[in-house]
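Next comes input_22.txt, with compact mmCIF, C-alpha atoms.
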```txt
# COMPACT_ATOMS: atom_id res chain seq x y z
CA MET A 55 146.97 106.54 127.97
CA HIS A 56 146.99 103.01 126.63
CA GLU A 57 143.40 102.21 127.54
CA MET A 58 142.44 102.49 123.86
CA SER A 59 144.87 99.65 123.05
CA ILE A 60 143.47 97.69 125.98
CA ALA A 61 139.90 98.32 124.80
CA CYS A 62 140.86 97.05 121.32
CA SER A 63 142.39 93.93 122.89
CA VAL A 64 139.18 93.35 124.83
CA LEU A 65 137.27 93.72 121.57
CA GLU A 66 139.53 91.19 119.81
CA ALA A 67 139.09 88.75 122.67
CA LEU A 68 135.33 89.31 122.61
CA GLU A 69 135.19 88.59 118.87
CA GLN A 70 137.02 85.30 119.42
CA GLU A 71 134.92 84.26 122.41
CA ALA A 72 131.68 85.21 120.64
CA ARG A 73 132.26 82.48 118.04
CA ARG A 74 131.47 79.97 120.76
CA PHE A 75 127.93 81.35 121.02
CA PRO A 76 126.48 81.44 117.51
CA GLY A 77 123.08 83.07 117.61
CA GLY A 78 123.77 84.43 121.07
CA ARG A 79 123.58 88.10 121.87
CA ILE A 80 126.37 89.32 124.13
CA LEU A 81 125.16 92.03 126.48
CA ARG A 82 128.02 92.53 128.82
CA VAL A 83 131.70 91.71 129.28
CA GLY A 84 133.04 91.30 132.79
CA LEU A 85 136.65 92.32 133.36
CA ARG A 86 138.92 92.01 136.35
CA VAL A 87 141.40 94.87 136.67
CA GLY A 88 143.96 94.80 139.46
CA GLU A 89 145.16 97.98 141.10
CA LEU A 90 148.65 97.09 139.85
CA ALA A 91 147.55 96.50 136.26
CA GLY A 92 148.31 100.09 135.29
CA VAL A 93 144.89 100.49 133.72
CA ASP A 94 142.38 103.14 134.68
CA PRO A 95 138.85 101.64 134.68
CA GLU A 96 137.06 104.91 133.93
CA SER A 97 139.30 105.65 131.03
CA LEU A 98 138.91 102.08 129.80
CA GLU A 99 135.12 102.42 129.82
CA PHE A 100 135.37 105.66 127.90
CA CYS A 101 137.65 104.03 125.32
CA TRP A 102 135.40 101.00 125.11
CA GLU A 103 132.46 103.17 124.11
CA ALA A 104 134.58 104.75 121.41
CA ALA A 105 135.92 101.40 120.20
CA VAL A 106 132.51 99.76 119.78
CA ARG A 107 130.63 102.78 118.42
CA GLY A 108 129.13 101.97 115.04
CA THR A 109 130.02 98.28 115.30
CA ARG A 110 127.80 95.33 116.11
CA TRP A 111 129.31 95.37 119.59
CA GLU A 112 127.87 98.78 120.39
CA PRO A 113 125.24 97.39 122.83
CA VAL A 114 127.88 95.52 124.83
CA SER A 115 128.78 97.18 128.10
CA LEU A 116 131.77 96.56 130.35
CA GLU A 117 131.49 95.52 133.96
CA ILE A 118 134.80 96.18 135.64
CA GLU A 119 135.70 94.57 138.93
CA ARG A 120 138.63 96.26 140.67
CA CYS A 121 140.96 93.86 142.44
CA ALA A 122 142.98 95.02 145.39
CA ARG A 123 146.55 93.94 145.94
CA ARG A 124 146.81 90.75 148.00
CA GLN A 125 149.64 89.06 149.86
CA ARG A 126 149.73 85.43 151.01
CA CYS A 127 151.45 84.32 154.19
CA GLN A 128 154.07 81.61 153.64
CA SER A 129 153.55 80.29 157.16
CA CYS A 130 149.78 80.11 157.65
CA GLY A 131 148.43 80.66 154.11
CA HIS A 132 146.30 83.64 155.11
CA GLU A 133 145.56 86.03 152.23
CA PHE A 134 145.18 89.72 152.97
CA PRO A 135 145.30 93.16 151.39
CA PRO A 136 148.49 94.79 152.68
CA ALA A 137 148.03 98.09 154.46
CA GLY A 138 151.44 99.73 154.37
CA ASP A 139 152.99 96.67 155.95
CA TYR A 140 153.49 93.24 154.42
CA ALA A 141 153.54 91.18 157.63
CA CYS A 142 150.73 88.66 158.08
CA PRO A 143 147.93 90.13 160.23
CA ALA A 144 146.85 86.62 161.23
CA CYS A 145 150.07 85.05 162.51
CA GLY A 146 152.57 87.93 162.42
CA SER A 147 154.99 86.22 160.01
CA ALA A 148 157.05 88.63 157.92
CA THR A 149 157.38 86.16 155.05
CA THR A 150 154.51 86.89 152.72
CA VAL A 151 154.40 86.76 148.94
CA PHE A 152 152.45 88.59 146.27
CA ALA A 153 149.16 86.81 145.63
CA GLY A 154 147.27 89.07 143.24
CA GLY A 155 146.36 92.58 142.22
CA ASP A 156 147.87 92.81 138.74
CA GLU A 157 144.96 91.12 136.95
CA LEU A 158 143.84 92.26 133.51
CA GLU A 159 141.42 89.51 132.61
CA LEU A 160 138.16 88.74 130.94
CA ALA A 161 136.13 87.27 133.77
CA HIS A 162 132.75 86.54 132.21
CA LEU A 163 130.31 87.21 129.41
CA GLU A 164 126.60 87.75 129.72
CA VAL A 165 124.93 86.12 126.77
CA GLU A 166 121.28 86.17 125.82
CA GLN A 167 120.50 83.07 123.86
CA ASP A 168 117.53 81.03 122.80
CA GLU A 169 118.46 77.68 124.14
CA PRO A 170 119.23 75.44 121.16
CA ASP A 171 117.50 72.04 121.03
CA TRP A 172 120.66 70.03 121.65
CA ALA A 173 121.45 72.00 124.80
CA ARG A 174 117.92 71.58 126.15
CA THR A 175 118.09 67.84 125.53
CA GLN A 176 121.44 67.65 127.30
CA SER A 177 120.24 69.57 130.33
CA LEU A 178 117.13 67.38 130.55
CA GLU A 179 119.27 64.27 130.37
CA ARG A 180 121.44 65.56 133.19
CA LYS A 181 118.36 66.03 135.35
CA MET B 249 120.38 85.21 130.07
CA ASN B 250 123.54 83.24 130.78
CA ARG B 251 126.58 84.40 132.60
CA ILE B 252 129.54 82.49 131.22
CA GLY B 253 132.76 82.43 133.17
CA LEU B 254 136.00 83.06 131.28
CA GLU B 255 139.58 82.83 132.40
CA ARG B 256 141.34 84.78 129.78
CA LYS B 257 143.97 87.49 129.90
CA VAL B 258 143.03 90.59 127.98
CA LEU B 259 146.54 90.81 126.55
CA ASN B 260 146.91 87.11 125.81
CA GLU B 261 147.97 87.75 122.22
CA ASN B 262 150.77 90.02 123.44
CA ASP B 263 151.64 87.51 126.16
CA ARG B 264 151.85 84.71 123.61
CA LEU B 265 154.29 86.69 121.44
CA ALA B 266 156.25 87.73 124.53
CA ALA B 267 156.56 84.11 125.67
CA ALA B 268 157.94 83.18 122.24
CA LEU B 269 160.44 86.04 122.43
CA ARG B 270 161.48 85.00 125.94
CA GLN B 271 162.10 81.49 124.72
CA ARG B 272 164.29 82.83 121.91
CA PHE B 273 166.24 85.06 124.29
CA GLU B 274 166.74 82.29 126.81
CA GLY B 275 167.60 79.74 124.15
CA ASN B 276 170.33 82.00 122.82
CA GLY B 277 171.59 83.06 126.23
CA VAL B 278 170.63 86.69 125.59
CA LEU B 279 169.95 88.90 128.59
CA CYS B 280 167.11 91.22 127.57
CA LEU B 281 166.41 94.28 129.73
CA ASN B 282 163.39 96.54 129.27
CA LEU B 283 164.21 100.09 130.40
CA ILE B 284 161.25 102.18 131.50
CA SER B 285 160.93 105.70 132.92
CA SER B 286 159.11 108.95 132.46
CA PRO B 287 160.38 111.15 129.60
CA GLY B 288 163.68 112.80 130.45
CA ALA B 289 164.73 110.57 133.35
CA GLY B 290 167.86 109.55 131.46
CA LYS B 291 167.27 106.22 129.73
CA THR B 292 169.23 107.15 126.63
CA THR B 293 172.08 108.70 128.61
CA LEU B 294 172.28 105.61 130.83
CA LEU B 295 172.51 103.51 127.68
CA GLU B 296 175.21 105.80 126.26
CA ARG B 297 177.34 105.38 129.40
CA THR B 298 176.66 101.64 129.31
CA LEU B 299 177.57 101.14 125.65
CA GLU B 300 180.63 103.32 126.14
CA SER B 301 181.83 101.02 128.92
CA PHE B 302 181.84 97.94 126.69
CA ASP B 303 184.68 96.62 124.66
CA ARG B 304 184.09 96.96 120.90
CA SER B 305 183.83 93.18 120.67
CA ALA B 306 180.91 93.07 123.14
CA ARG B 307 177.83 91.33 121.78
CA VAL B 308 175.25 93.93 122.63
CA ALA B 309 172.37 95.58 120.76
CA VAL B 310 169.65 98.15 121.44
CA LEU B 311 166.06 98.56 120.34
CA THR B 312 164.90 102.06 121.20
CA GLY B 313 161.28 103.14 121.13
CA ASP B 314 159.91 106.61 120.62
CA ILE B 315 156.68 108.07 119.38
CA GLN B 316 158.50 110.06 116.73
CA THR B 317 162.07 110.69 115.46
CA ASP B 318 165.11 108.46 115.35
CA ASN B 319 167.17 110.85 117.48
CA ASP B 320 167.85 108.26 120.17
CA ALA B 321 169.01 105.63 117.70
CA ALA B 322 171.36 108.22 116.16
CA ARG B 323 172.78 109.01 119.61
CA LEU B 324 173.27 105.36 120.48
CA ALA B 325 174.62 104.24 117.10
CA ARG B 326 177.79 106.26 117.73
CA TYR B 327 179.10 103.50 119.98
CA GLY B 328 179.37 101.02 117.13
CA PHE B 329 176.82 98.44 118.26
CA PRO B 330 173.65 97.43 116.39
CA VAL B 331 170.90 99.91 117.23
CA ARG B 332 167.43 100.08 115.77
CA GLN B 333 164.74 102.68 116.30
CA ILE B 334 161.13 101.64 116.73
CA THR B 335 158.81 104.57 116.08
CA THR B 336 155.39 103.84 117.44
CA ALA B 337 153.61 106.67 115.57
CA GLY B 338 151.56 107.72 118.56
CA ALA B 339 151.51 104.62 120.73
CA CYS B 340 152.67 105.29 124.26
CA HIS B 341 154.38 101.94 124.82
CA LEU B 342 156.15 99.12 123.00
CA ASP B 343 154.39 95.80 122.64
CA ALA B 344 155.73 92.33 121.89
CA ARG B 345 154.88 92.51 118.20
CA MET B 346 156.96 95.65 117.78
CA ILE B 347 159.90 93.85 119.38
CA GLU B 348 159.42 90.83 117.12
CA ARG B 349 159.49 93.12 114.08
CA GLY B 350 162.35 95.17 115.49
CA LEU B 351 164.49 92.05 115.77
CA GLU B 352 163.94 90.98 112.16
CA GLY B 353 167.24 90.23 110.48
CA TRP B 354 169.21 90.18 113.74
CA ARG B 355 170.71 86.86 114.72
CA LEU B 356 170.16 86.42 118.43
CA GLU B 357 172.93 83.83 118.64
CA THR B 358 175.39 86.65 117.97
CA LEU B 359 174.19 88.61 121.03
CA ASP B 360 174.72 88.40 124.79
CA LEU B 361 172.78 91.48 125.76
CA LEU B 362 169.78 93.29 124.33
CA PHE B 363 168.52 96.56 125.74
CA ILE B 364 165.02 97.72 124.97
CA GLU B 365 164.53 101.41 125.65
CA ASN B 366 160.79 101.79 126.07
CA VAL B 367 158.77 104.91 125.24
CA GLY B 368 159.08 107.49 128.04
CA ASN B 369 156.03 106.72 130.16
CA LEU B 370 155.58 105.24 133.62
CA VAL B 371 152.09 103.85 133.07
CA CYS B 372 151.45 102.11 129.77
CA PRO B 373 154.68 100.11 129.34
CA SER B 374 153.94 98.36 132.62
CA SER B 375 151.09 96.38 131.03
CA TYR B 376 153.08 94.93 128.14
CA ASP B 377 155.40 91.97 128.52
CA LEU B 378 158.14 92.18 125.88
CA GLY B 379 159.73 88.85 126.71
CA GLU B 380 162.44 90.60 128.73
CA ASP B 381 164.39 88.95 131.53
CA ALA B 382 163.74 92.02 133.69
CA LYS B 383 162.13 95.40 133.61
CA VAL B 384 164.33 98.20 134.93
CA VAL B 385 162.72 101.44 136.05
CA LEU B 386 164.65 104.71 136.13
CA LEU B 387 163.69 107.50 138.49
CA SER B 388 165.60 110.77 138.45
CA VAL B 389 166.00 113.12 141.39
CA THR B 390 164.42 115.99 139.44
CA GLU B 391 161.12 114.13 139.73
CA GLY B 392 159.05 113.54 142.88
CA ASP B 393 160.30 111.06 145.46
CA ASP B 394 156.70 109.80 145.78
CA LYS B 395 156.58 108.54 142.19
CA PRO B 396 156.77 104.87 143.27
CA LEU B 397 153.54 105.44 145.21
CA LYS B 398 151.88 107.31 142.35
CA TYR B 399 152.85 104.72 139.72
CA PRO B 400 152.92 101.50 141.73
CA ALA B 401 152.45 99.11 138.80
CA ILE B 402 155.79 99.81 137.14
CA PHE B 403 157.75 99.89 140.41
CA PHE B 404 156.12 96.62 141.40
CA LYS B 405 156.93 94.93 138.11
CA SER B 406 160.53 96.17 137.79
CA GLU B 407 163.36 94.15 139.28
CA LEU B 408 165.67 97.12 139.62
CA MET B 409 165.25 100.83 140.23
CA VAL B 410 168.01 103.06 138.91
CA LEU B 411 167.97 106.33 140.81
CA ASN B 412 169.54 108.71 138.32
CA LYS B 413 170.95 112.28 138.31
CA MET B 414 172.31 111.83 141.84
CA ASP B 415 174.77 114.68 141.18
CA LEU B 416 171.79 117.08 141.20
CA LEU B 417 170.63 116.04 144.65
CA PRO B 418 171.97 119.16 146.41
CA TYR B 419 169.85 121.40 144.17
CA VAL B 420 166.47 119.69 144.41
CA PRO B 421 164.01 118.90 147.23
CA PHE B 422 164.28 115.16 146.55
CA ASP B 423 164.75 112.76 149.45
CA ALA B 424 166.61 109.75 148.01
CA GLN B 425 166.06 107.63 151.08
CA ARG B 426 162.34 108.32 151.05
CA ALA B 427 162.20 107.46 147.33
CA GLU B 428 163.83 104.12 148.11
CA GLU B 429 161.45 103.49 150.99
CA ASN B 430 158.53 104.30 148.72
CA ALA B 431 159.84 101.91 146.06
CA ARG B 432 160.25 99.14 148.62
CA CYS B 433 156.81 99.86 150.03
CA VAL B 434 155.36 98.96 146.63
CA HIS B 435 157.96 96.29 145.93
CA PRO B 436 159.48 94.77 149.07
CA GLY B 437 163.14 93.89 148.59
CA MET B 438 163.45 95.81 145.32
CA GLU B 439 167.02 96.18 144.12
CA ILE B 440 168.20 99.78 143.78
CA VAL B 441 171.30 101.48 142.41
CA ARG B 442 172.09 105.19 142.66
CA VAL B 443 173.86 106.68 139.67
CA SER B 444 174.71 109.85 137.87
CA CYS B 445 175.20 109.35 134.17
CA THR B 446 176.71 112.76 133.55
CA GLY B 447 178.75 112.76 136.77
CA ASN B 448 179.86 109.12 136.31
CA LEU B 449 178.70 108.11 139.79
CA GLY B 450 177.61 104.63 140.80
CA LEU B 451 177.65 103.26 137.26
CA GLU B 452 179.83 100.35 138.38
CA ASP B 453 176.89 99.15 140.50
CA TRP B 454 174.66 99.18 137.43
CA PHE B 455 177.30 97.34 135.37
CA ALA B 456 177.71 94.78 138.17
CA TRP B 457 173.95 94.25 138.29
CA ILE B 458 173.90 93.60 134.52
CA ALA B 459 176.85 91.19 134.77
CA ASN B 460 175.19 89.31 137.60
CA ARG B 461 171.93 89.07 135.71
CA ARG B 462 173.68 87.92 132.55
CA GLY B 463 175.50 85.27 134.62
CA ARG B 464 172.16 83.91 135.73
CA VAL B 465 170.88 83.70 132.15
CA VAL B 466 174.01 81.80 131.09
CA ALA B 467 173.80 79.46 134.10
CA ALA B 468 170.10 78.76 133.44
CA ARG B 469 170.88 77.98 129.82
CA ALA B 470 173.73 75.64 130.79
CA ALA B 471 171.45 73.88 133.28
CA ARG B 472 168.90 73.22 130.55
CA ALA B 473 171.50 71.83 128.10
```

Kindly transcribe the structure held in the file into structure tokens.
Amino acid sequence: MHEMSIACSVLEALEQEARRFPGGRILRVGLRVGELAGVDPESLEFCWEAAVRGTRWEPVSLEIERCARRQRCQSCGHEFPPAGDYACPACGSATTVFAGGDELELAHLEVEQDEPDWARTQSLERK
Amino acid sequence: MNRIGLERKVLNENDRLAAALRQRFEGNGVLCLNLISSPGAGKTTLLERTLESFDRSARVAVLTGDIQTDNDAARLARYGFPVRQITTAGACHLDARMIERGLEGWRLETLDLLFIENVGNLVCPSSYDLGEDAKVVLLSVTEGDDKPLKYPAIFFKSELMVLNKMDLLPYVPFDAQRAEENARCVHPGMEIVRVSCTGNLGLEDWFAWIANRRGRVVAARAARA
């Protein structure tokens, strides 16, 4: 059960990232958790609630995207989730390499923010 | 409301410390192995047999992690090599910072080989990079032969599986071949050795694996120089 440590690491990362959005209100943190990450999403959500309780991050919820294991074919580049067998379903090649499924990443933040003047000016200029 | 994309590892602080440790190990030509298994699979006994096999002049050290007690360090210290206990006081895994602290005062240039005995647990240690050259997972025949399927992360991330307690095979419903197939289902091409630490079986394969791995570390270091 190391999801509490993981939740605390997410919280640390959130505190650092939040400095980029002064005045912003963070509502949600998106995480990507691979099936080979060794982290149980339900348990992580439970620990997250405990970690943020009574802090200013209490309203922030987690949105966890589970990532399946993926292999990539060395011959044709096809990416696929292996189903018991690691051969490429597209071209039949047996030479495939690991291409993902061990992610433990912060994917996005949802931030509610009154658009500051400088940002509005910039976006108008871009238009 | 804005949705802002991030590309950031949750454990990037641990990964940063682990990368620094890896650089120190590689720079000093130290082979660092991170031993992981469930409690009671035989990590400490495997280390005892391993330390016992070395010449007294061997440049080897052990960091051993447990939630409580320094029993393992006491067992391993008998072989005359530097051994240090890391007690995690509740934590179910070692992280890179604990290794950094555990190494304080040790001069890596005086070592060729560093074993890290992780806390007995097949789940949590798999998430934490300790800067090791390789993770080694132990599975003993008194456990289930489907453990690689139940705990895929650690079998995927380990370079070697040590199948331990092979002397007990006649007394347990464990299918060694199926265990190996299961391990290679999660980790195609995984290296495997079968040993018995109390029956002194197959240990030469484990020693040969270590020697081979250490040779690669030395060759990589020479190539960089």

Expressed in Å to a single decimal, how great is the separation between CA of Gly155 in chain A and CA of Arg345 in chain B?
->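 CA of Arg345 in chain B lies at a distance of 25.5 Å from CA of Gly155 in chain A.
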
Quick one: everything within 10 Å of Arg462 in chain B, counting all atoms listed in the file, minus sequence neighbours fewer than 2 positions away in the same chain. Send it as an MDAnalysis selection string.
-> chainID B and resid 277:280 360:361 381 456:460 464:468

Write out as JSON lines a residue-level contact list of range 358-382 of chain B versus range 403-422 of chain B with cut-off 12 Å: for each qualifying residue the closest pair of atoms and the distance in Å to one decimal, counting all atoms listed in the file, rows sorted by chain and residue number upward.
```
{"residue": "B:Leu370", "atom": "CA", "partner": "B:Phe403", "partner_atom": "CA", "distance": 8.9}
{"residue": "B:Val371", "atom": "CA", "partner": "B:Phe403", "partner_atom": "CA", "distance": 10.1}
{"residue": "B:Pro373", "atom": "CA", "partner": "B:Lys405", "partner_atom": "CA", "distance": 10.4}
{"residue": "B:Ser374", "atom": "CA", "partner": "B:Lys405", "partner_atom": "CA", "distance": 7.1}
{"residue": "B:Ser375", "atom": "CA", "partner": "B:Lys405", "partner_atom": "CA", "distance": 9.3}
{"residue": "B:Tyr376", "atom": "CA", "partner": "B:Lys405", "partner_atom": "CA", "distance": 10.7}
{"residue": "B:Asp377", "atom": "CA", "partner": "B:Lys405", "partner_atom": "CA", "distance": 10.2}
{"residue": "B:Glu380", "atom": "CA", "partner": "B:Ser406", "partner_atom": "CA", "distance": 10.8}
{"residue": "B:Asp381", "atom": "CA", "partner": "B:Glu407", "partner_atom": "CA", "distance": 9.4}
{"residue": "B:Ala382", "atom": "CA", "partner": "B:Glu407", "partner_atom": "CA", "distance": 6.0}
```

Export of the given selection (C-alpha atoms) as a short mmCIF file (atom, residue, chain, number, x, y, z; two decimals), in the frame of the given file:
```cif
data_model
loop_
_atom_site.label_atom_id
_atom_site.label_comp_id
_atom_site.auth_asym_id
_atom_site.auth_seq_id
_atom_site.Cartn_x
_atom_site.Cartn_y
_atom_site.Cartn_z
CA LEU B 370 155.58 105.24 133.62
CA VAL B 371 152.09 103.85 133.07
CA PRO B 373 154.68 100.11 129.34
CA SER B 374 153.94 98.36 132.62
CA SER B 375 151.09 96.38 131.03
CA TYR B 376 153.08 94.93 128.14
CA ASP B 377 155.40 91.97 128.52
CA GLU B 380 162.44 90.60 128.73
CA ASP B 381 164.39 88.95 131.53
CA ALA B 382 163.74 92.02 133.69
#
```

CA of Ile364 in chain B to CA of Leu311 in chain B, straight-line distance in Å = 4.8 Å

Residues of chain A within 7 Å of chain B, counting only C-alpha atoms - could you list those as a PDB file with C-alpha atoms, in the coordinates of the input?
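Below is the file out.pdb, written as the result:
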```pdb
ATOM      1  CA  MET A  55     146.970 106.540 127.970  1.00  0.00           C
ATOM      2  CA  HIS A  56     146.990 103.010 126.630  1.00  0.00           C
ATOM      3  CA  SER A  63     142.390  93.930 122.890  1.00  0.00           C
ATOM      4  CA  VAL A  64     139.180  93.350 124.830  1.00  0.00           C
ATOM      5  CA  ALA A  67     139.090  88.750 122.670  1.00  0.00           C
ATOM      6  CA  LEU A  90     148.650  97.090 139.850  1.00  0.00           C
ATOM      7  CA  ALA A  91     147.550  96.500 136.260  1.00  0.00           C
ATOM      8  CA  GLY A  92     148.310 100.090 135.290  1.00  0.00           C
ATOM      9  CA  GLY A 138     151.440  99.730 154.370  1.00  0.00           C
ATOM     10  CA  LEU A 158     143.840  92.260 133.510  1.00  0.00           C
ATOM     11  CA  GLU A 159     141.420  89.510 132.610  1.00  0.00           C
ATOM     12  CA  LEU A 160     138.160  88.740 130.940  1.00  0.00           C
ATOM     13  CA  ALA A 161     136.130  87.270 133.770  1.00  0.00           C
ATOM     14  CA  HIS A 162     132.750  86.540 132.210  1.00  0.00           C
ATOM     15  CA  LEU A 163     130.310  87.210 129.410  1.00  0.00           C
ATOM     16  CA  GLU A 164     126.600  87.750 129.720  1.00  0.00           C
ATOM     17  CA  VAL A 165     124.930  86.120 126.770  1.00  0.00           C
ATOM     18  CA  GLU A 166     121.280  86.170 125.820  1.00  0.00           C
ATOM     19  CA  GLN A 167     120.500  83.070 123.860  1.00  0.00           C
TER      20      GLN A 167
END
```

Near-Leu342 in chain B list (8 Å; only C-alpha atoms; drop same-chain fewer than 3 positions) as a VMD selection string | chain B and resid 313 336 339 346 to 347 366 to 367 373 376 378

What's the 7 Å shell around Ala153 in chain A, counting all atoms listed in the file, without same-chain residues fewer than 4 positions away, as a list in words?
-> Arg124, Gln125 and Arg126 of chain A

Can I get the selection written as an mmCIF file, in the frame of the given file, with C-alpha atoms?
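What ended up in selection_11.cif:
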```cif
data_model
loop_
_atom_site.group_PDB
_atom_site.id
_atom_site.type_symbol
_atom_site.label_atom_id
_atom_site.label_comp_id
_atom_site.auth_asym_id
_atom_site.auth_seq_id
_atom_site.Cartn_x
_atom_site.Cartn_y
_atom_site.Cartn_z
ATOM 1 C CA ARG A 124 146.810 90.750 148.000
ATOM 2 C CA GLN A 125 149.640 89.060 149.860
ATOM 3 C CA ARG A 126 149.730 85.430 151.010
#
```

Long-range neighbours of Gln425 in chain B as a list in words, 10 Å cut-off, all atoms listed in the file, 5 positions minimum in chain |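 Skipping anything fewer than 5 positions along the chain leaves Asp393, Asn430 and Ala431 of chain B.
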
Using C-alpha atoms, can you write the selected residues to a file as a PDB file, in the coordinates of the input?
```
ATOM      1  CA  ASP B 393     160.300 111.060 145.460  1.00  0.00           C
ATOM      2  CA  ASN B 430     158.530 104.300 148.720  1.00  0.00           C
ATOM      3  CA  ALA B 431     159.840 101.910 146.060  1.00  0.00           C
TER       4      ALA B 431
END
```

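For the atom pair formed by CA of Ser388 in chain B and CA of Asp303 in chain B, the distance is 27.5 Å, given to one decimal.
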
Contacts of Lys291 in chain B at 12 Å or less, counting all atoms listed in the file, minus same-chain residues fewer than 3 places along, as number ranges by chain?
-> B: 281-288, 294-298, 310, 312-314, 320, 323-324, 363-369, 384-388, 409-413, 443-445

Shortest interatomic distance to Val151 in chain A - which of B:Gly437, B:Trp454, B:Asn319, B:Leu351, counting all atoms listed in the file |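 Among the listed residues, the smallest separation from Val151 in chain A belongs to B:Gly437.
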
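Here the residues that fall within 9 Å of (176.8, 98.2, 117.2), using all atoms listed in the file, are given as Leu299, Arg304, Ala306, Arg307, Val308, Ala309, Val310, Leu324, Ala325, Arg326, Tyr327, Gly328, Phe329, Pro330 and Val331 of chain B.
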
All file atoms of range 407-417 of chain B boxed axis-aligned, 5 Å per side, centre plus edges, as AutoDock Vina command-line options:
```
--center_x 169.1 --center_y 105.6 --center_z 141.5 --size_x 21.4 --size_y 32.9 --size_z 16.3
```

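Comparing A:Asp94, A:Glu103, A:Glu119, A:Glu89 by their smallest distance to Cys62 in chain A, the closest is A:Glu103 (using all atoms listed in the file).
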
Determine, counting all atoms listed in the file, every residue of protein, DNA or RNA that lies within 8 Å of (170.3, 85.8, 119.0) in the file coordinates, then give the result as a list of chain:residue names.
->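 All residues meeting the 8 Å criterion around (170.3, 85.8, 119.0) are B:Arg272, B:Phe273, B:Asn276, B:Gly277, B:Val278, B:Trp354, B:Arg355, B:Leu356, B:Glu357, B:Thr358, B:Leu359, B:Asp360.
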
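Among A:Ile80, A:Ser129, A:Trp102, A:Cys142, the residue with the shortest atom-to-atom distance to Leu116 in chain A, counting all atoms listed in the file, is A:Trp102.
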